[in-house]
Amino acid sequence: MKNIFDNIEAMQMHMQPLNINGLRGRMLKIPASKVKKQDREILMIYGHHASLERVYGIAEDLSQYANVTIPDLPGFGGMDSFYRIGYKPTLDNFADYLATFVKLRYRGKKLTIVGMSLGFVIATRMLQRYPELVKKVDVLVSLVGFARHDDLIMSKPRQRMFRSIATIFKFKIPSSLFYNIALHPSALRTFYGFSQNAKTKLGKLSAKERKQMMEFEVILWRDNDVRTYMQTTLIMLKLDNCNIQVKMPVHHISVDTDQYFDNSVVEQHMRIIFSDFTNHTAVLPNHAPTIISNKSASEPFVPKSIRKLLSSIGPAKVNKS
């Protein structure tokens, strides 16, 4: 296994600063690897507990079909949180932030949106709040996304536990204690490996791979704003995006062994929201690994049917929106 931190270093050439409404973060922008695809745009939105580094491999993979851009989300990946400007990390505020990014970066252009997990939830809410943006989107892809809280297969006692923890640590002083004690690097290296999430993601790795992934998990946990992490956990546990329809089809990439979602229930809810639904199955051991650091690691995430779809889309037509 190649050292994952070599790939993280390599991605720096594609990194750009991002500043929206006083929130400072980063943006990953990879040009299309094929000249004939350089007039197409893919916007990817990563999910919960994520960063640009975590999904770099997917961006690198998708760049064979279009220019790929991934913006940081407020409170994730080291970006300033909404709290810095006096706002809370609500789903509507994330949707408004994403709409602002789309309007600034894709003026006069169409784009494909790929939303991963919580990222797809945010993209959905954006299209519900800003229906005029629907005509800018030529393809909408859900990468292990969801639509409603009861898509979760997590047991009720475990949900109650996460809800209680998130309710306590979403406040300023408790979150500071959590960051400096529970998320101290030495504490993470000692105890995180025993958690259910770590066992799912790290359990079948070699000792060398496990050590690398654990070091990345330390970085990932330390880069997240704790209050934002806890508030978005509550958002997911209470989510209902089924109240407003979006007049476009969705292409959903599911994982049969997803430890978080019931795929049949996800489909039912997405069919309520979108005008059509097509499922594409990715063959993966779980919802998502700790890091998708290169193109090779990304390949199982993008089924052949999605690759065929992305390859078939012609040049983006300029519009006036």
# chains A, B, ... in the order shown; residues from 1 in each chain; ligands from 1

$ closest_atom_pairs --of "range 33-84 of chain A" --to "range 101-114 of chain A" --cutoff "10 Å" --atoms "only C-alpha atoms" --output "CSV"
residue,atom,partner,partner_atom,distance
A:Asp39,CA,A:Lys109,CA,9.1
A:Arg40,CA,A:Leu111,CA,6.9
A:Glu41,CA,A:Leu111,CA,4.9
A:Ile42,CA,A:Thr112,CA,4.6
A:Leu43,CA,A:Ile113,CA,4.9
A:Met44,CA,A:Val114,CA,4.6
A:Ile45,CA,A:Val114,CA,6.4
A:Tyr46,CA,A:Val114,CA,8.6
A:Leu62,CA,A:Val114,CA,9.9
A:Ala66,CA,A:Thr112,CA,9.0
A:Asn67,CA,A:Leu111,CA,9.6
A:Val68,CA,A:Thr112,CA,9.4
A:Thr69,CA,A:Arg105,CA,9.6
A:Ile70,CA,A:Val114,CA,9.7
A:Pro71,CA,A:Phe101,CA,8.3

$ select_by_dssp --residues "range 8-201 of chain A" --states "strand (DSSP E or B)" --output "count of residues only"
39

$ residues_around --residues "range 116-124 of chain A" --least-positions-apart "5" --cutoff "8 Å" --atoms "only C-alpha atoms" --output "ChimeraX atom specification"
/A:44-48,91,94-95,98,142-147,236,241,246

$ residues_around --residues "Leu152 in chain A" --least-positions-apart "4" --cutoff "10 Å" --atoms "only C-alpha atoms" --output "number ranges by chain"
A: 146-148, 156, 159, 236-237, 259-263, 265-266

$ write_last_selection --atoms "N, CA and C atoms" --output "PDB file, in the first residue's frame"
ATOM      1  N   PHE A 146     -28.890  10.037   1.329  1.00  0.00           N
ATOM      2  CA  PHE A 146     -30.163   9.639   1.933  1.00  0.00           C
ATOM      3  C   PHE A 146     -31.100  10.825   1.973  1.00  0.00           C
ATOM      4  N   ALA A 147     -32.327  10.620   2.466  1.00  0.00           N
ATOM      5  CA  ALA A 147     -33.352  11.650   2.366  1.00  0.00           C
ATOM      6  C   ALA A 147     -34.124  11.902   3.657  1.00  0.00           C
ATOM      7  N   ARG A 148     -34.122  10.913   4.562  1.00  0.00           N
ATOM      8  CA  ARG A 148     -34.943  11.035   5.761  1.00  0.00           C
ATOM      9  C   ARG A 148     -34.320  10.231   6.892  1.00  0.00           C
ATOM     10  N   LYS A 156     -32.412   1.881  17.661  1.00  0.00           N
ATOM     11  CA  LYS A 156     -32.978   3.011  18.393  1.00  0.00           C
ATOM     12  C   LYS A 156     -32.153   3.379  19.628  1.00  0.00           C
ATOM     13  N   GLN A 159     -29.169   5.275  18.398  1.00  0.00           N
ATOM     14  CA  GLN A 159     -29.567   6.610  17.956  1.00  0.00           C
ATOM     15  C   GLN A 159     -29.780   7.532  19.154  1.00  0.00           C
ATOM     16  N   MET A 236     -28.939  14.893  10.947  1.00  0.00           N
ATOM     17  CA  MET A 236     -29.140  13.607  10.275  1.00  0.00           C
ATOM     18  C   MET A 236     -30.127  12.721  11.032  1.00  0.00           C
ATOM     19  N   LEU A 237     -30.088  12.774  12.354  1.00  0.00           N
ATOM     20  CA  LEU A 237     -30.968  11.935  13.162  1.00  0.00           C
ATOM     21  C   LEU A 237     -32.419  12.421  13.156  1.00  0.00           C
ATOM     22  N   GLN A 259     -23.555   0.045   6.292  1.00  0.00           N
ATOM     23  CA  GLN A 259     -23.885  -0.169   7.700  1.00  0.00           C
ATOM     24  C   GLN A 259     -24.798   0.908   8.264  1.00  0.00           C
ATOM     25  N   TYR A 260     -25.123   1.921   7.463  1.00  0.00           N
ATOM     26  CA  TYR A 260     -25.930   3.021   7.973  1.00  0.00           C
ATOM     27  C   TYR A 260     -27.352   3.061   7.414  1.00  0.00           C
ATOM     28  N   PHE A 261     -27.544   2.685   6.131  1.00  0.00           N
ATOM     29  CA  PHE A 261     -28.825   2.942   5.479  1.00  0.00           C
ATOM     30  C   PHE A 261     -29.504   1.682   4.953  1.00  0.00           C
ATOM     31  N   ASP A 262     -30.839   1.695   5.016  1.00  0.00           N
ATOM     32  CA  ASP A 262     -31.671   0.682   4.392  1.00  0.00           C
ATOM     33  C   ASP A 262     -31.942   1.164   2.963  1.00  0.00           C
ATOM     34  N   ASN A 263     -31.339   0.529   1.986  1.00  0.00           N
ATOM     35  CA  ASN A 263     -31.396   1.028   0.611  1.00  0.00           C
ATOM     36  C   ASN A 263     -32.812   1.056   0.048  1.00  0.00           C
ATOM     37  N   VAL A 265     -35.588   1.662   1.698  1.00  0.00           N
ATOM     38  CA  VAL A 265     -36.276   2.818   2.281  1.00  0.00           C
ATOM     39  C   VAL A 265     -35.731   4.118   1.684  1.00  0.00           C
ATOM     40  N   VAL A 266     -34.423   4.167   1.467  1.00  0.00           N
ATOM     41  CA  VAL A 266     -33.821   5.334   0.797  1.00  0.00           C
ATOM     42  C   VAL A 266     -34.488   5.549  -0.556  1.00  0.00           C
TER      43      VAL A 266
END

$ closest_atom_pairs --of "range 107-188 of chain A" --to "range 212-219 of chain A" --cutoff "9 Å" --atoms "only C-alpha atoms" --output "tab-separated table"
residue	atom	partner	partner_atom	distance
A:Leu183	CA	A:Val218	CA	7.9
A:His184	CA	A:Val218	CA	8.4
A:Pro185	CA	A:Val218	CA	6.0
A:Ser186	CA	A:Val218	CA	9.0
A:Leu188	CA	A:Val218	CA	6.4

$ write_last_selection --atoms "N, CA and C atoms" --output "tab-separated table (two decimals), in the first residue's frame"
chain	number	residue	atom	x	y	z
A	183	LEU	N	-10.68	14.17	21.98
A	183	LEU	CA	-10.05	14.22	20.65
A	183	LEU	C	-8.58	14.60	20.69
A	184	HIS	N	-7.98	14.51	21.87
A	184	HIS	CA	-6.53	14.69	21.94
A	184	HIS	C	-5.88	13.56	21.13
A	185	PRO	N	-4.84	13.86	20.35
A	185	PRO	CA	-4.23	12.82	19.51
A	185	PRO	C	-3.88	11.53	20.25
A	186	SER	N	-3.35	11.64	21.45
A	186	SER	CA	-2.98	10.43	22.19
A	186	SER	C	-4.22	9.63	22.58
A	188	LEU	N	-7.12	9.59	20.92
A	188	LEU	CA	-7.64	8.98	19.70
A	188	LEU	C	-6.84	7.73	19.33

$ atom_distance --atom1 "CA of Val250 in chain A" --atom2 "CA of Ile273 in chain A"
9.4 Å

$ select_by_dssp --residues "range 217-297 of chain A" --states "helix (DSSP H, G or I)" --output "PyMOL selection string"
chain A and resi 217-223+226-238+263-273+295-297

$ write_last_selection --atoms "C-alpha atoms" --output "short mmCIF file (atom, residue, chain, number, x, y, z; two decimals), in the first residue's frame"
data_model
loop_
_atom_site.label_atom_id
_atom_site.label_comp_id
_atom_site.auth_asym_id
_atom_site.auth_seq_id
_atom_site.Cartn_x
_atom_site.Cartn_y
_atom_site.Cartn_z
CA GLU A 217 -8.38 9.67 11.47
CA VAL A 218 -6.51 11.76 14.06
CA ILE A 219 -6.14 14.56 11.49
CA LEU A 220 -9.76 14.23 10.40
CA TRP A 221 -11.18 14.41 13.92
CA ARG A 222 -8.94 17.35 14.83
CA ASP A 223 -9.94 19.30 11.68
CA VAL A 226 -16.86 19.82 17.29
CA ARG A 227 -19.99 21.96 17.61
CA THR A 228 -20.64 21.64 13.86
CA TYR A 229 -20.05 17.90 13.98
CA MET A 230 -22.52 17.48 16.83
CA GLN A 231 -25.16 19.75 15.31
CA THR A 232 -24.98 17.98 11.94
CA THR A 233 -25.28 14.65 13.74
CA LEU A 234 -28.58 15.89 15.16
CA ILE A 235 -29.62 17.10 11.69
CA MET A 236 -29.14 13.61 10.28
CA LEU A 237 -30.97 11.93 13.16
CA LYS A 238 -33.99 14.23 12.66
CA ASN A 263 -31.40 1.03 0.61
CA SER A 264 -35.02 0.10 -0.08
CA VAL A 265 -36.28 2.82 2.28
CA VAL A 266 -33.82 5.33 0.80
CA GLU A 267 -35.29 4.60 -2.63
CA GLN A 268 -38.87 5.08 -1.40
CA HIS A 269 -38.03 8.50 0.01
CA MET A 270 -35.99 9.65 -2.99
CA ARG A 271 -38.87 8.73 -5.28
CA ILE A 272 -41.05 11.10 -3.24
CA ILE A 273 -38.60 13.97 -3.78
CA LYS A 295 -7.91 7.08 -8.35
CA SER A 296 -7.42 3.36 -7.84
CA ALA A 297 -9.12 3.45 -4.43
#

$ residues_around --residues "His280 in chain A" --least-positions-apart "2" --cutoff "7 Å" --atoms "only C-alpha atoms" --output "VMD selection string"
chain A and resid 252 to 254 278 282 303 305

$ write_last_selection --atoms "C-alpha atoms" --output "PDB file, in the first residue's frame"
ATOM      1  CA  HIS A 252     -28.281   6.947  -6.622  1.00  0.00           C
ATOM      2  CA  ILE A 253     -25.151   4.896  -5.913  1.00  0.00           C
ATOM      3  CA  SER A 254     -25.926   2.412  -3.148  1.00  0.00           C
ATOM      4  CA  THR A 278     -32.191   5.079 -10.896  1.00  0.00           C
ATOM      5  CA  ALA A 282     -21.194  -0.092  -5.873  1.00  0.00           C
ATOM      6  CA  PRO A 303     -20.158   1.838 -11.007  1.00  0.00           C
ATOM      7  CA  SER A 305     -23.297   2.498 -15.353  1.00  0.00           C
TER       8      SER A 305
END

$ residues_around --residues "Asp225 in chain A" --least-positions-apart "4" --cutoff "9 Å" --atoms "only C-alpha atoms" --output "JSON, numbers by chain"
{"A": [74, 75, 76, 77, 78, 79, 80, 81, 175, 179, 221, 229, 230]}

$ atom_distance --atom1 "CA of Ala32 in chain A" --atom2 "CA of Ser63 in chain A"
4.7 Å

$ residues_around --residues "Asp96 in chain A" --least-positions-apart "6" --cutoff "12 Å" --atoms "only C-alpha atoms" --output "VMD selection string"
chain A and resid 20 to 21 73 to 74 82 87 89 to 90 102 to 103 122 to 130 133

$ closest_residue --among "A:Asn7, A:Asn93, A:Ser312, A:Gln245" --to "Val55 in chain A" --atoms "only C-alpha atoms"
A:Asn7

$ atom_distance --atom1 "CA of Lys211 in chain A" --atom2 "CA of Phe178 in chain A"
23.3 Å

$ closest_residue --among "A:Leu284, A:Met13, A:Ile313, A:Val134" --to "Glu299 in chain A" --atoms "only C-alpha atoms"
A:Leu284

$ decode --residues "range 225-239 of chain A" --atoms "N, CA and C atoms" --output "PDB file, in the first residue's frame"
ATOM      1  N   ASP A 225     -14.831  20.954  13.314  1.00  0.00           N
ATOM      2  CA  ASP A 225     -15.323  21.776  14.415  1.00  0.00           C
ATOM      3  C   ASP A 225     -16.317  20.938  15.211  1.00  0.00           C
ATOM      4  N   VAL A 226     -16.052  20.749  16.492  1.00  0.00           N
ATOM      5  CA  VAL A 226     -16.863  19.823  17.295  1.00  0.00           C
ATOM      6  C   VAL A 226     -18.330  20.235  17.321  1.00  0.00           C
ATOM      7  N   ARG A 227     -18.596  21.515  17.523  1.00  0.00           N
ATOM      8  CA  ARG A 227     -19.990  21.962  17.605  1.00  0.00           C
ATOM      9  C   ARG A 227     -20.728  21.688  16.294  1.00  0.00           C
ATOM     10  N   THR A 228     -20.037  21.915  15.166  1.00  0.00           N
ATOM     11  CA  THR A 228     -20.641  21.645  13.862  1.00  0.00           C
ATOM     12  C   THR A 228     -20.880  20.152  13.683  1.00  0.00           C
ATOM     13  N   TYR A 229     -19.911  19.345  14.088  1.00  0.00           N
ATOM     14  CA  TYR A 229     -20.051  17.897  13.980  1.00  0.00           C
ATOM     15  C   TYR A 229     -21.270  17.419  14.766  1.00  0.00           C
ATOM     16  N   MET A 230     -21.419  17.919  15.988  1.00  0.00           N
ATOM     17  CA  MET A 230     -22.523  17.483  16.833  1.00  0.00           C
ATOM     18  C   MET A 230     -23.865  17.976  16.297  1.00  0.00           C
ATOM     19  N   GLN A 231     -23.902  19.210  15.816  1.00  0.00           N
ATOM     20  CA  GLN A 231     -25.160  19.752  15.307  1.00  0.00           C
ATOM     21  C   GLN A 231     -25.589  19.029  14.029  1.00  0.00           C
ATOM     22  N   THR A 232     -24.629  18.703  13.165  1.00  0.00           N
ATOM     23  CA  THR A 232     -24.981  17.984  11.941  1.00  0.00           C
ATOM     24  C   THR A 232     -25.363  16.530  12.234  1.00  0.00           C
ATOM     25  N   THR A 233     -24.833  15.979  13.313  1.00  0.00           N
ATOM     26  CA  THR A 233     -25.284  14.646  13.742  1.00  0.00           C
ATOM     27  C   THR A 233     -26.767  14.689  14.091  1.00  0.00           C
ATOM     28  N   LEU A 234     -27.166  15.727  14.814  1.00  0.00           N
ATOM     29  CA  LEU A 234     -28.579  15.888  15.159  1.00  0.00           C
ATOM     30  C   LEU A 234     -29.427  16.114  13.914  1.00  0.00           C
ATOM     31  N   ILE A 235     -28.894  16.871  12.951  1.00  0.00           N
ATOM     32  CA  ILE A 235     -29.620  17.099  11.694  1.00  0.00           C
ATOM     33  C   ILE A 235     -29.937  15.770  11.021  1.00  0.00           C
ATOM     34  N   MET A 236     -28.939  14.893  10.947  1.00  0.00           N
ATOM     35  CA  MET A 236     -29.140  13.607  10.275  1.00  0.00           C
ATOM     36  C   MET A 236     -30.127  12.721  11.032  1.00  0.00           C
ATOM     37  N   LEU A 237     -30.088  12.774  12.354  1.00  0.00           N
ATOM     38  CA  LEU A 237     -30.968  11.935  13.162  1.00  0.00           C
ATOM     39  C   LEU A 237     -32.419  12.421  13.156  1.00  0.00           C
ATOM     40  N   LYS A 238     -32.633  13.661  12.708  1.00  0.00           N
ATOM     41  CA  LYS A 238     -33.986  14.225  12.659  1.00  0.00           C
ATOM     42  C   LYS A 238     -34.429  14.588  11.241  1.00  0.00           C
ATOM     43  N   LEU A 239     -33.635  14.258  10.254  1.00  0.00           N
ATOM     44  CA  LEU A 239     -33.825  14.740   8.888  1.00  0.00           C
ATOM     45  C   LEU A 239     -35.162  14.327   8.276  1.00  0.00           C
TER      46      LEU A 239
END
